[in-house]
Structures are given as C-alpha cells and as structure tokens.
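One structure is given here, and the rest of the page talks about it.
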Amino acid sequence: MSPELLRLFQTSLLETLWMVGVSGAIGTVVGLPLGVLLVITDHNGLLQNRPLNRVLGIVANAVRSTPFIILLVAVIPLTRLIVGTSIGTSAAIVPLAIAAIPFIARLVETALREVDRGLIEALQAMGATPWQIIRTVLIPEALPGIVAGLTITLVSLIGHSAMAGAVGGGGLGDLGIRYGYQRFLPEVMTLVVLVLIVLVQIVQSAGDRLARRISHR
Amino acid sequence: MDITQTYPNPAGHPGSGILARLLAPFWKEQATATIANSSGNFRREAHIEERHDAVGSTAEAPALFSLHGIGKTFNGGVRALHGIDLDIREGEIFGIIGRSGAGKSTLIRTLNQLERPTEGRVHFEGRDLLALDAAGLRQVRRRIGMIFQHFNLLSSRTVAGNIALPLELAGAPGEDIKRRVDELLDLVGLTEQRDRHPNQISGGQKQRVGIARALATEPRVLLCDEATSALDPETTQSILGLLADINQRLGLTIVLITHQMQVIKAVAHRVAVLENGHLAELGAVADIFTAPKQPITRTLLQEVIGNEIPPGVRDRAARLLASGEGRIWRLGFRGESVDRPALTEAAERFGLKINLLHGYIDEIQGTPFGSLVVAASGTAEAIEAAETFIRSQEISLEEIRL
Ligand SMILES: Nc1ncnc2c1ncn2[C@@H]1O[C@H](COP(=O)(O)OP(=O)(O)O)[C@@H](O)[C@H]1O
Ligand SMILES: [Mg+2]
C-alpha cells in the first residue's frame, strides 16, 4: 500500500471516530434526559404526564422506524441550516445524532425501568424531591444498563457512519467505497472492514468492562 | 389490675451507655434545629423533658400518630382498609399483625403518606398529614424513618454511602454527615463494613444498614414494614434486639408490622390485629396474649402458644365430663397471679377435684403469663363458688364447652 493511501486511511479513521464521537455525545446529551422523561412521565411515574409521554413516545418511534438511509436524505435541509452544507464529515453528524437520540432514549428508558420501585419509595419516604430521586437513585442505579446501552449505540453508529460516508460524509465507509469498490482495490476494502471490526471489538469490550466495573448487583 | 404498671418503661431513659454518650451532642443540636424551624406546636426539647418525667407510664404518653376512620380503596376497587381508628403513642413499640393481604402494608404506608387514604385523617405530632402540600410532606417525612422487608438499599452506594443519603438529601454539611455516619455505623455495629457494597454483606447486615439509614435524620418514629420477614430466626432476633435497644435508649417510637406473632411477643408493647382491612382487636400485648377476644387473634396466637386444646386432651376431658359433674376451664395467669396457689386453694376450699389437661407458661416484656386448661369436678354450687374465687385472684377464667 502506498504511503499516500496509508495517510488517507489515517484521515478516514479519524473522520469516523469524529463522526461517531460527536454524534454519540450529542445523542447522549439529548437522549439521556429524554429517556428519563419517558420514564417519569409514564403512568405512575414520578411526574406523571400522559400527553407528554405519548408525544415523546410517538416521536421516538417515528425516528427509530425510519431507515437510516432515508433519514440521511430526509434531513438534508436541516443539515444545511445547521452546518451550512450537506456534504462532509460535519454534515454527516446531523443525521447520525438524530438517529442516535431516540435510540439512546429508548435504551436509557429500558435501563431505568429495571430500577427497583422499592428504592424509589425508600427515597420518597426520606422526603426526597423527584429531582433528587432521579439524580441519586434512578441514574446511578441504572448506570450499568445505561453504559451497556451507550455501547450498543456507539457500535451501531460506527455502522451508520460508514453508510453516511458513502453519500459524501468521509470516513472509513467513504474510503472503502471510493477506493475499494469504485477503483477496485480489494486490499483497501479488506483493510477497511478489518479496521471496522477491530473498532467495534474495542468499543464493545471497553463498554462491557466499564459496565461490569460500576455494577454492584 | 393495670398491666402497664408492671411493664418495663417502653419510653426508656437516656441511658448511660456509650451509645447515649455518642448520640448526645447530635441529639441536642437537632433539638435546637427543630425549634428554629418549627412552625409551632411541637418542640423537641420540651418533648425530651417530658420523656424524663414519663418513666413508668405509657398509658398517658401523648399520641404521636392519630388515625381516624382510615379507609383505602385502590383504583380498581380493592378495599384494603375500612374505618381504622387508632393512636400510636410516643415511645412505644406498636405492632400491627395480620395475615398476608390483611392491609398491614397499606396501613403503615398511610403513616408517611406513601399511600394516601381515601377516607379518614392521619395526624402526626398533631398535624393533619393529608392537608400538607408536597414540600410540607417532604419535611415531615424526614421525621419519620422507614425500613423495609427487602431493605431497599442502593446497590450503587457503599454501606456508608447509603447511610449518608438522607443527610445529603436534607442538605447537611459534609463534616456533619461524616460524623453522623460514623456514629450510626457504630450504633448498628457495621464500622468494618463501611466501604462494602450491599451485595457484599448479609441480609441481617443489610437491615442494619437500613436501620442506620432510617435513623440518620433523627426521626421521631421508625416504621418497619415486615423488617424481619426476609431473615432467618437468629438474625430476626438480633434485629429485633437492636430495635428494642433503640427504643429503650433513644425513646424512639417504633411501628412494626409483621405476620409473625413471635415478633410481636419479642418486642411490641401494644398490638393491633388486622383482618381483611378491619381492626379486629387492639390492646397491650400481654392482654392480647392472655385474653384474646377475636377468633383471628387466637389463630395467630397458635403460632406461638398452643391455645387450641390438642385432640387427645379433648377426648380425655370429654371422658372426664361424661363420668360426672364438672367443667373445663381455661385459666389465664399473668404477672404476680402466676405465683399464686389459687387453684390448689380453690380445690381445698370447695372440695373440687382438679385435673390438669394442658398448659404453658411464658414471659412477655419481663411479665410472666400462662394458661392452664383444667377439668374441675364437684357439685355445681362448689364449682360456681370456685369460679368466683378464682376470678377474684386476678386470674381470667373461661369455661370451655366441648
Ligand atoms: N397498589 C395496589 N393496588 C391495588 N390493590 C392493592 C395495592 N396494594 C395492595 N393492594 C391490595 O390491598 C390488600 C392489602 O394489601 P397489603 O396492605 O399489601 O397487605 P399486607 O401487607 O397485610 O399483606 C390486598 O388485597 C392487596 O392485593
Ligand atoms: Mg405487606
């Protein structure tokens, strides 16, 4: 492989990491509170609000049921509005983050629902406010589950980022398509796939290890 | 006879043990704090003074909780409680017993409003809990500790972290929290386990953490929802011992619910018997044990004392009765009457023949009590006279018909 191609590889890997990292971060910052809201506004929740719960649930489902390739195209106007262009790594972050938000919200919701109701009652009996309960019980107790959910999200974002790359977002997916497929360089394609496999492997085992370490069940 | 007179004082005295010394500074500080933000009729310092005077009488202790006509109908129509009236007095250990589904949990949860009754009123320290807004209720809840059957400890926190939690929620300064947590760890004997997580300690230790956590904010009362039901008998005894100790030394009121009469017998001063959401019977534990009035109470008592006459004994009694004139008595002794030779005296004085059929003797709160089932044979007049005599000896007498 030529030094030039190697450099290109390096750039692509960094682009992928950037896309996944930023969209994952945005997804967490927005998705986590959304997941909390989905739980606490539900029936018998800490701050029950059925209409809000309904709306949030429907929106989350709608986004989650849209195939990513369609989402990618559908949000182009929004991407232009935010980033100024619909092409490039930064532009790819918008649809990736949009896809990540409801994904994370649902995984967080599932993790929070696993928290024993008795713990919430114990806190209520101590005179805790709903916010104190969220902060000291719901999130810390669900943290291992939340970490596991974020790991799944990152893994699927790596896959999605390759797809985004194919439509002009850069990154490893872009490299694989342009060199491996269009210029027919099978060794580039193979290497792209190998790197993606290793990347997913690293993310998954790091996530598993972290979840195990913070779990005291 | 007023049985409460012979009881050890449940309110207790401050004590001179290491515990009392340890807790003294915090106790005082808390008292001042309470007065500072007290909105009126309740003063902790005044209350402590009263406690010193109140030695020996629980009967006159003021009510900490007053329940009037408490009813609860759940969404979906289950009526869990019907018209419950009762007072829980300062300094006592108040037991609530009943079968599973009787409404015990629902009742104890109305005391801190985890469950809002659909009828009736709950007063705590003279205040109507149902009239409080959310913030007012949170304030009151800090004065009502609670422990649970399944402990409900946070797995994400260490033992010390769990105990610190209510203090953090109340916004106590870090230094105070540290000091208080150390005291509480010492109180429940878990200093060495302080940095462990709940999954690394035993069930009994978990409940000790629960108790320490519940006591952290210096509550006036401790609510225990089946606190020993998940524990083995030995651990149950040690937890009950700790609760009795806390009640004695700190004068802390304790409300405990259980389905086990042993628990009531071991620590409670008074007991309420619940059946299908109704208050079936209420009284001093010794009264309930020696003279249960309701069938449900007798059934529950069988768990600890064989109140039912064994079938073989019943047959013997039937034969005795068939062979001549006579009656079967169940005699209830308590306190000093246990030591009186009343039965022998009755037999001699009225010329009766007494056959012992069944009996036991036991002790509650240091007061001996017992029950004897005997067959008395003699003339009808002699038997009548003997009954009057025995009753005059502070022995309860009930005729059993076979
Ligand atoms: N949240 C609830 N919704 C509906 N019914 C309930 C609820 N909680 C308890 N019950 C019912 O109320 C009755 C009393 O329950 P509970 O107070 O838990 O009894 P205990 O603690 O004596 O076993 C039972 O019939 C139970 O099924
Ligand atoms: Mg119960």
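Numbering starts fresh at 1 for the residues of each chain in the structure tokens, the chains themselves are lettered A, B, ... in the order given, and ligands are numbered from 1 as they appear.
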Could I get the residue neighbourhood of ligand 2 at 10 Å, counting only C-alpha atoms and all ligand atoms, as a compact mmCIF listing (two decimals) with N, CA and C atoms, in the first residue's frame?
```txt
# COMPACT_ATOMS: atom_id res chain seq x y z
N GLY B 98 -51.29 -9.36 61.15
CA GLY B 98 -52.41 -9.84 60.34
C GLY B 98 -51.86 -10.78 59.29
N ARG B 99 -52.78 -11.52 58.67
CA ARG B 99 -52.34 -12.43 57.62
C ARG B 99 -51.93 -11.63 56.40
N SER B 100 -51.30 -12.31 55.47
CA SER B 100 -50.90 -11.67 54.22
C SER B 100 -52.15 -11.14 53.51
N GLY B 101 -52.10 -9.90 53.07
CA GLY B 101 -53.23 -9.30 52.38
C GLY B 101 -54.23 -8.64 53.31
N ALA B 102 -53.95 -8.63 54.61
CA ALA B 102 -54.88 -8.04 55.58
C ALA B 102 -54.92 -6.51 55.48
N GLY B 103 -53.89 -5.93 54.89
CA GLY B 103 -53.85 -4.47 54.75
C GLY B 103 -52.78 -3.82 55.61
N LYS B 104 -51.87 -4.62 56.16
CA LYS B 104 -50.85 -4.09 57.06
C LYS B 104 -49.95 -3.06 56.37
N SER B 105 -49.44 -3.45 55.20
CA SER B 105 -48.54 -2.54 54.49
C SER B 105 -49.27 -1.26 54.11
N THR B 106 -50.49 -1.41 53.63
CA THR B 106 -51.27 -0.25 53.25
C THR B 106 -51.44 0.68 54.46
N LEU B 107 -51.71 0.09 55.61
CA LEU B 107 -51.92 0.89 56.82
C LEU B 107 -50.65 1.62 57.24
N ILE B 108 -49.53 0.91 57.30
CA ILE B 108 -48.30 1.56 57.77
C ILE B 108 -47.87 2.64 56.76
N ARG B 109 -48.18 2.41 55.48
CA ARG B 109 -47.79 3.38 54.46
C ARG B 109 -48.66 4.64 54.49
N PHE B 148 -37.59 -1.62 55.39
CA PHE B 148 -38.40 -2.45 54.50
C PHE B 148 -37.99 -3.92 54.55
N GLN B 149 -38.90 -4.77 54.12
CA GLN B 149 -38.63 -6.21 54.10
C GLN B 149 -37.41 -6.53 53.23
N ASP B 225 -41.74 -2.17 57.89
CA ASP B 225 -42.67 -2.98 57.10
C ASP B 225 -42.07 -4.37 56.91
N GLU B 226 -42.50 -5.32 57.74
CA GLU B 226 -42.01 -6.70 57.67
C GLU B 226 -40.48 -6.73 57.66
N SER B 229 -38.99 -10.25 57.99
CA SER B 229 -39.61 -11.39 57.31
C SER B 229 -38.69 -12.07 56.30
N ILE B 257 -44.87 -3.83 61.49
CA ILE B 257 -45.89 -4.75 61.03
C ILE B 257 -45.24 -6.09 60.74
N THR B 258 -46.00 -7.12 60.95
CA THR B 258 -45.46 -8.47 60.79
C THR B 258 -46.62 -9.45 60.66
N HIS B 259 -46.32 -10.62 60.13
CA HIS B 259 -47.34 -11.67 60.16
C HIS B 259 -46.95 -12.71 61.20
```
For this session: When you get a sec, could you note down which chain B residues fall within 9 Å of chain A, using only C-alpha atoms, as a VMD selection string?
Result: chain B and resid 112 to 114 134 to 135 137 to 148 150 to 157 165 to 166 169 to 170 197 to 200 214 217
Which residues are near Ala347 in chain B? Cut-off 10 Å, only C-alpha atoms, ignore same chain within fewer than 4 positions. Put them as a short mmCIF file (atom, residue, chain, number, x, y, z; two decimals) with all heavy atoms, in the first residue's frame.
```cif
data_model
loop_
_atom_site.label_atom_id
_atom_site.label_comp_id
_atom_site.auth_asym_id
_atom_site.auth_seq_id
_atom_site.Cartn_x
_atom_site.Cartn_y
_atom_site.Cartn_z
N ALA B 342 -53.66 -20.32 93.69
CA ALA B 342 -55.11 -20.15 93.70
C ALA B 342 -55.87 -21.43 93.39
O ALA B 342 -56.91 -21.71 93.98
CB ALA B 342 -55.51 -19.06 92.70
N LEU B 343 -55.31 -22.20 92.49
CA LEU B 343 -56.01 -23.41 92.06
C LEU B 343 -56.07 -24.44 93.20
O LEU B 343 -57.11 -25.03 93.47
CB LEU B 343 -55.29 -23.98 90.83
CG LEU B 343 -56.14 -24.78 89.85
CD1 LEU B 343 -57.36 -24.01 89.42
CD2 LEU B 343 -55.30 -25.17 88.65
N GLY B 351 -63.67 -28.23 97.84
CA GLY B 351 -63.74 -29.67 97.69
C GLY B 351 -63.84 -30.14 96.25
O GLY B 351 -64.63 -31.03 95.93
N LEU B 352 -63.06 -29.51 95.38
CA LEU B 352 -63.09 -29.90 93.97
C LEU B 352 -61.96 -30.85 93.64
O LEU B 352 -60.93 -30.86 94.32
CB LEU B 352 -62.94 -28.65 93.09
CG LEU B 352 -64.03 -27.59 93.17
CD1 LEU B 352 -63.71 -26.47 92.20
CD2 LEU B 352 -65.39 -28.20 92.84
N LYS B 353 -62.17 -31.63 92.59
CA LYS B 353 -61.06 -32.41 92.04
C LYS B 353 -60.62 -31.69 90.77
O LYS B 353 -61.42 -31.38 89.90
CB LYS B 353 -61.52 -33.83 91.70
CG LYS B 353 -61.48 -34.74 92.91
CD LYS B 353 -61.33 -36.19 92.49
CE LYS B 353 -62.40 -36.58 91.50
NZ LYS B 353 -62.58 -38.01 91.31
N ILE B 354 -59.35 -31.41 90.70
CA ILE B 354 -58.82 -30.68 89.54
C ILE B 354 -57.91 -31.60 88.75
O ILE B 354 -56.97 -32.17 89.30
CB ILE B 354 -58.01 -29.45 90.00
CG1 ILE B 354 -58.81 -28.56 90.95
CG2 ILE B 354 -57.47 -28.68 88.80
CD1 ILE B 354 -59.72 -27.56 90.30
N ALA B 376 -62.46 -29.40 86.22
CA ALA B 376 -62.80 -29.30 87.64
C ALA B 376 -64.07 -30.11 87.86
O ALA B 376 -65.08 -29.90 87.17
CB ALA B 376 -63.03 -27.84 88.02
N SER B 377 -64.03 -31.04 88.80
CA SER B 377 -65.27 -31.77 89.07
C SER B 377 -65.68 -31.62 90.53
O SER B 377 -64.85 -31.59 91.42
CB SER B 377 -65.16 -33.24 88.65
OG SER B 377 -63.86 -33.72 88.89
N GLY B 378 -66.95 -31.51 90.71
CA GLY B 378 -67.53 -31.29 92.03
C GLY B 378 -68.98 -30.92 91.85
O GLY B 378 -69.52 -31.00 90.74
N ALA B 382 -70.33 -25.82 94.29
CA ALA B 382 -68.91 -25.70 94.60
C ALA B 382 -68.16 -25.10 93.42
O ALA B 382 -67.30 -24.24 93.58
CB ALA B 382 -68.34 -27.07 94.95
N ILE B 383 -68.54 -25.57 92.22
CA ILE B 383 -67.86 -25.07 91.02
C ILE B 383 -68.12 -23.58 90.85
O ILE B 383 -67.20 -22.80 90.59
CB ILE B 383 -68.30 -25.88 89.78
CG1 ILE B 383 -67.62 -27.26 89.83
CG2 ILE B 383 -67.93 -25.16 88.50
CD1 ILE B 383 -68.03 -28.21 88.75
N ALA B 386 -66.13 -21.68 93.33
CA ALA B 386 -64.71 -21.69 92.99
C ALA B 386 -64.41 -20.71 91.86
O ALA B 386 -63.39 -20.02 91.87
CB ALA B 386 -64.27 -23.11 92.61
#
```
Problem set entry | Atom pair CA of Ala92 in chain A / CA of Met19 in chain A: separation (Å) | 7.1 Å
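Comparing the minimum interatomic distances between ligand 1 and each of B:Gly71, B:Gly332, B:Gly366, B:Gly77, counting only C-alpha atoms and all ligand atoms, we find that B:Gly77 sits nearest.
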Exercise. Looking at only C-alpha atoms and all ligand atoms, which of B:Asp133, B:Asp315, B:Glu115, B:Asp176 is the one that sits closest to ligand 1?
Worked result: B:Glu115
Problem set entry | Members of range 19-237 of chain B assigned strand (DSSP E) by DSSP, as a PyMOL selection string | chain B and resi 63-73+79-89+93-97+119-124+127-128+144-148+221-225
Exercise. Could you name the residues that touch range 154-170 of chain A at 6 Å or less, counting only C-alpha atoms, but leaving out those on the same chain fewer than 2 positions away, as a PyMOL selection string?
Worked result: chain A and resi 20+87-89+92+151-152+173-174+200
Resulting file, chosen residues, all heavy atoms, as an mmCIF file, in the first residue's frame:
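Saved to selection.cif:
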```cif
data_model
loop_
_atom_site.group_PDB
_atom_site.id
_atom_site.type_symbol
_atom_site.label_atom_id
_atom_site.label_comp_id
_atom_site.auth_asym_id
_atom_site.auth_seq_id
_atom_site.Cartn_x
_atom_site.Cartn_y
_atom_site.Cartn_z
ATOM 1 N N VAL A 20 -18.545 9.491 14.901
ATOM 2 C CA VAL A 20 -19.168 8.632 15.912
ATOM 3 C C VAL A 20 -19.120 9.303 17.285
ATOM 4 O O VAL A 20 -20.107 9.323 18.025
ATOM 5 C CB VAL A 20 -18.474 7.251 15.952
ATOM 6 C CG1 VAL A 20 -18.949 6.445 17.161
ATOM 7 C CG2 VAL A 20 -18.751 6.488 14.676
ATOM 8 N N ILE A 87 -22.677 18.222 2.692
ATOM 9 C CA ILE A 87 -21.617 17.273 2.354
ATOM 10 C C ILE A 87 -20.463 17.408 3.332
ATOM 11 O O ILE A 87 -20.168 18.501 3.819
ATOM 12 C CB ILE A 87 -21.123 17.523 0.903
ATOM 13 C CG1 ILE A 87 -22.289 17.257 -0.061
ATOM 14 C CG2 ILE A 87 -19.943 16.615 0.562
ATOM 15 C CD1 ILE A 87 -21.987 17.592 -1.500
ATOM 16 N N GLY A 88 -19.847 16.303 3.665
ATOM 17 C CA GLY A 88 -18.686 16.335 4.542
ATOM 18 C C GLY A 88 -18.953 15.681 5.879
ATOM 19 O O GLY A 88 -20.089 15.331 6.213
ATOM 20 N N THR A 89 -17.885 15.560 6.640
ATOM 21 C CA THR A 89 -17.955 14.858 7.911
ATOM 22 C C THR A 89 -18.893 15.532 8.905
ATOM 23 O O THR A 89 -19.711 14.887 9.552
ATOM 24 C CB THR A 89 -16.553 14.764 8.527
ATOM 25 O OG1 THR A 89 -15.660 14.290 7.522
ATOM 26 C CG2 THR A 89 -16.529 13.826 9.698
ATOM 27 N N ALA A 92 -22.454 14.984 8.165
ATOM 28 C CA ALA A 92 -22.928 13.624 8.466
ATOM 29 C C ALA A 92 -23.316 13.482 9.935
ATOM 30 O O ALA A 92 -24.122 12.624 10.293
ATOM 31 C CB ALA A 92 -21.857 12.610 8.111
ATOM 32 N N THR A 151 -22.988 1.639 24.713
ATOM 33 C CA THR A 151 -22.069 0.805 23.947
ATOM 34 C C THR A 151 -22.747 0.312 22.668
ATOM 35 O O THR A 151 -22.185 0.406 21.572
ATOM 36 C CB THR A 151 -21.622 -0.395 24.797
ATOM 37 O OG1 THR A 151 -21.100 0.096 26.034
ATOM 38 C CG2 THR A 151 -20.555 -1.208 24.096
ATOM 39 N N ILE A 152 -23.967 -0.180 22.830
ATOM 40 C CA ILE A 152 -24.725 -0.636 21.657
ATOM 41 C C ILE A 152 -24.889 0.507 20.665
ATOM 42 O O ILE A 152 -24.737 0.343 19.456
ATOM 43 C CB ILE A 152 -26.112 -1.165 22.081
ATOM 44 C CG1 ILE A 152 -25.954 -2.397 22.952
ATOM 45 C CG2 ILE A 152 -26.982 -1.456 20.870
ATOM 46 C CD1 ILE A 152 -27.260 -2.878 23.548
ATOM 47 N N GLY A 173 -16.055 4.403 5.629
ATOM 48 C CA GLY A 173 -17.031 3.906 4.676
ATOM 49 C C GLY A 173 -16.789 4.527 3.303
ATOM 50 O O GLY A 173 -16.802 3.842 2.270
ATOM 51 N N ASP A 174 -16.530 5.808 3.326
ATOM 52 C CA ASP A 174 -16.260 6.558 2.108
ATOM 53 C C ASP A 174 -15.026 5.968 1.417
ATOM 54 O O ASP A 174 -15.024 5.689 0.214
ATOM 55 C CB ASP A 174 -16.014 8.019 2.499
ATOM 56 C CG ASP A 174 -15.888 8.920 1.287
ATOM 57 O OD1 ASP A 174 -16.500 8.584 0.253
ATOM 58 O OD2 ASP A 174 -15.183 9.934 1.398
ATOM 59 N N VAL A 200 -15.126 -1.936 16.471
ATOM 60 C CA VAL A 200 -16.330 -2.399 17.172
ATOM 61 C C VAL A 200 -15.945 -3.281 18.360
ATOM 62 O O VAL A 200 -16.479 -3.148 19.464
ATOM 63 C CB VAL A 200 -17.251 -3.179 16.195
ATOM 64 C CG1 VAL A 200 -18.327 -3.934 16.973
ATOM 65 C CG2 VAL A 200 -17.885 -2.216 15.200
#
```
Seminar exercise, completed: Between CA of Ala280 in chain B and CA of Ile88 in chain B lies a distance of 16.3 Å
For this session: Name all residues at most 6 Å from range 61-65 of chain B (count only C-alpha atoms; drop same-chain ones fewer than 3 positions away) and give them as a VMD selection string.
Result: chain B and resid 58 87 to 90 123 to 125
Any chance you can output those residues with all heavy atoms as a compact mmCIF listing (two decimals), in the first residue's frame?
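The result, stored in selection_8.txt:
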```txt
# COMPACT_ATOMS: atom_id res chain seq x y z
N THR B 58 -46.87 4.33 80.03
CA THR B 58 -47.08 4.56 78.61
C THR B 58 -48.51 5.00 78.37
O THR B 58 -48.80 5.63 77.39
CB THR B 58 -46.85 3.29 77.79
OG1 THR B 58 -47.43 2.22 78.51
CG2 THR B 58 -45.39 3.07 77.57
N ASP B 87 -54.48 5.15 67.93
CA ASP B 87 -53.43 6.10 68.31
C ASP B 87 -52.13 5.33 68.49
O ASP B 87 -52.14 4.23 69.04
CB ASP B 87 -53.77 6.74 69.67
CG ASP B 87 -54.76 7.88 69.51
OD1 ASP B 87 -55.13 8.18 68.35
OD2 ASP B 87 -55.17 8.44 70.53
N ILE B 88 -51.06 5.92 68.05
CA ILE B 88 -49.75 5.35 68.35
C ILE B 88 -49.06 6.33 69.27
O ILE B 88 -48.95 7.52 68.94
CB ILE B 88 -48.95 5.10 67.05
CG1 ILE B 88 -49.65 3.99 66.26
CG2 ILE B 88 -47.51 4.70 67.39
CD1 ILE B 88 -49.23 3.89 64.83
N ARG B 89 -48.66 5.83 70.44
CA ARG B 89 -48.18 6.74 71.48
C ARG B 89 -46.68 6.92 71.42
O ARG B 89 -45.95 6.05 70.97
CB ARG B 89 -48.55 6.18 72.85
CG ARG B 89 -50.05 6.03 73.04
CD ARG B 89 -50.32 5.23 74.30
NE ARG B 89 -51.72 4.89 74.41
CZ ARG B 89 -52.16 3.86 75.11
NH1 ARG B 89 -51.31 3.06 75.74
NH2 ARG B 89 -53.44 3.60 75.17
N GLU B 90 -46.25 8.04 71.92
CA GLU B 90 -44.82 8.33 71.95
C GLU B 90 -44.08 7.30 72.76
O GLU B 90 -44.48 6.97 73.88
CB GLU B 90 -44.59 9.70 72.57
CG GLU B 90 -44.71 10.79 71.56
CD GLU B 90 -44.45 12.13 72.20
OE1 GLU B 90 -43.61 12.19 73.11
OE2 GLU B 90 -45.10 13.09 71.78
N HIS B 123 -53.12 12.11 61.72
CA HIS B 123 -52.42 13.21 62.38
C HIS B 123 -51.08 12.72 62.89
O HIS B 123 -51.00 11.65 63.50
CB HIS B 123 -53.25 13.77 63.54
CG HIS B 123 -54.43 14.54 63.08
ND1 HIS B 123 -54.40 15.91 62.91
CD2 HIS B 123 -55.67 14.14 62.73
CE1 HIS B 123 -55.58 16.31 62.48
NE2 HIS B 123 -56.38 15.26 62.36
N PHE B 124 -50.03 13.49 62.63
CA PHE B 124 -48.70 13.20 63.15
C PHE B 124 -48.22 14.43 63.90
O PHE B 124 -48.23 15.52 63.34
CB PHE B 124 -47.75 12.87 61.99
CG PHE B 124 -46.30 12.73 62.40
CD1 PHE B 124 -45.90 11.70 63.24
CD2 PHE B 124 -45.35 13.63 61.94
CE1 PHE B 124 -44.56 11.57 63.61
CE2 PHE B 124 -44.01 13.51 62.31
CZ PHE B 124 -43.62 12.48 63.14
N GLU B 125 -47.86 14.25 65.16
CA GLU B 125 -47.48 15.39 66.00
C GLU B 125 -48.56 16.46 65.96
O GLU B 125 -48.26 17.65 65.95
CB GLU B 125 -46.15 15.99 65.54
CG GLU B 125 -44.99 15.02 65.63
CD GLU B 125 -43.67 15.63 65.20
OE1 GLU B 125 -43.68 16.60 64.41
OE2 GLU B 125 -42.63 15.16 65.67
```
For this session: Mind checking which residues fall within 8 Å of range 243-245 of chain B, counting only C-alpha atoms, ignoring those fewer than 4 positions away in the same chain, and posting them as a list in words?
Result: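 Residues meeting the cut-off are Ile239, Arg249, Ile254 and Val267 of chain B.
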Problem set entry | Every residue of range 135-382 of chain B that DSSP places in helix (DSSP H, G or I), as number ranges by chain | B: 135-141, 159-169, 174-187, 191-193, 198-200, 203-215, 233-250, 261-267, 285-290, 295-301, 311-322, 335-339, 342-350, 380-382
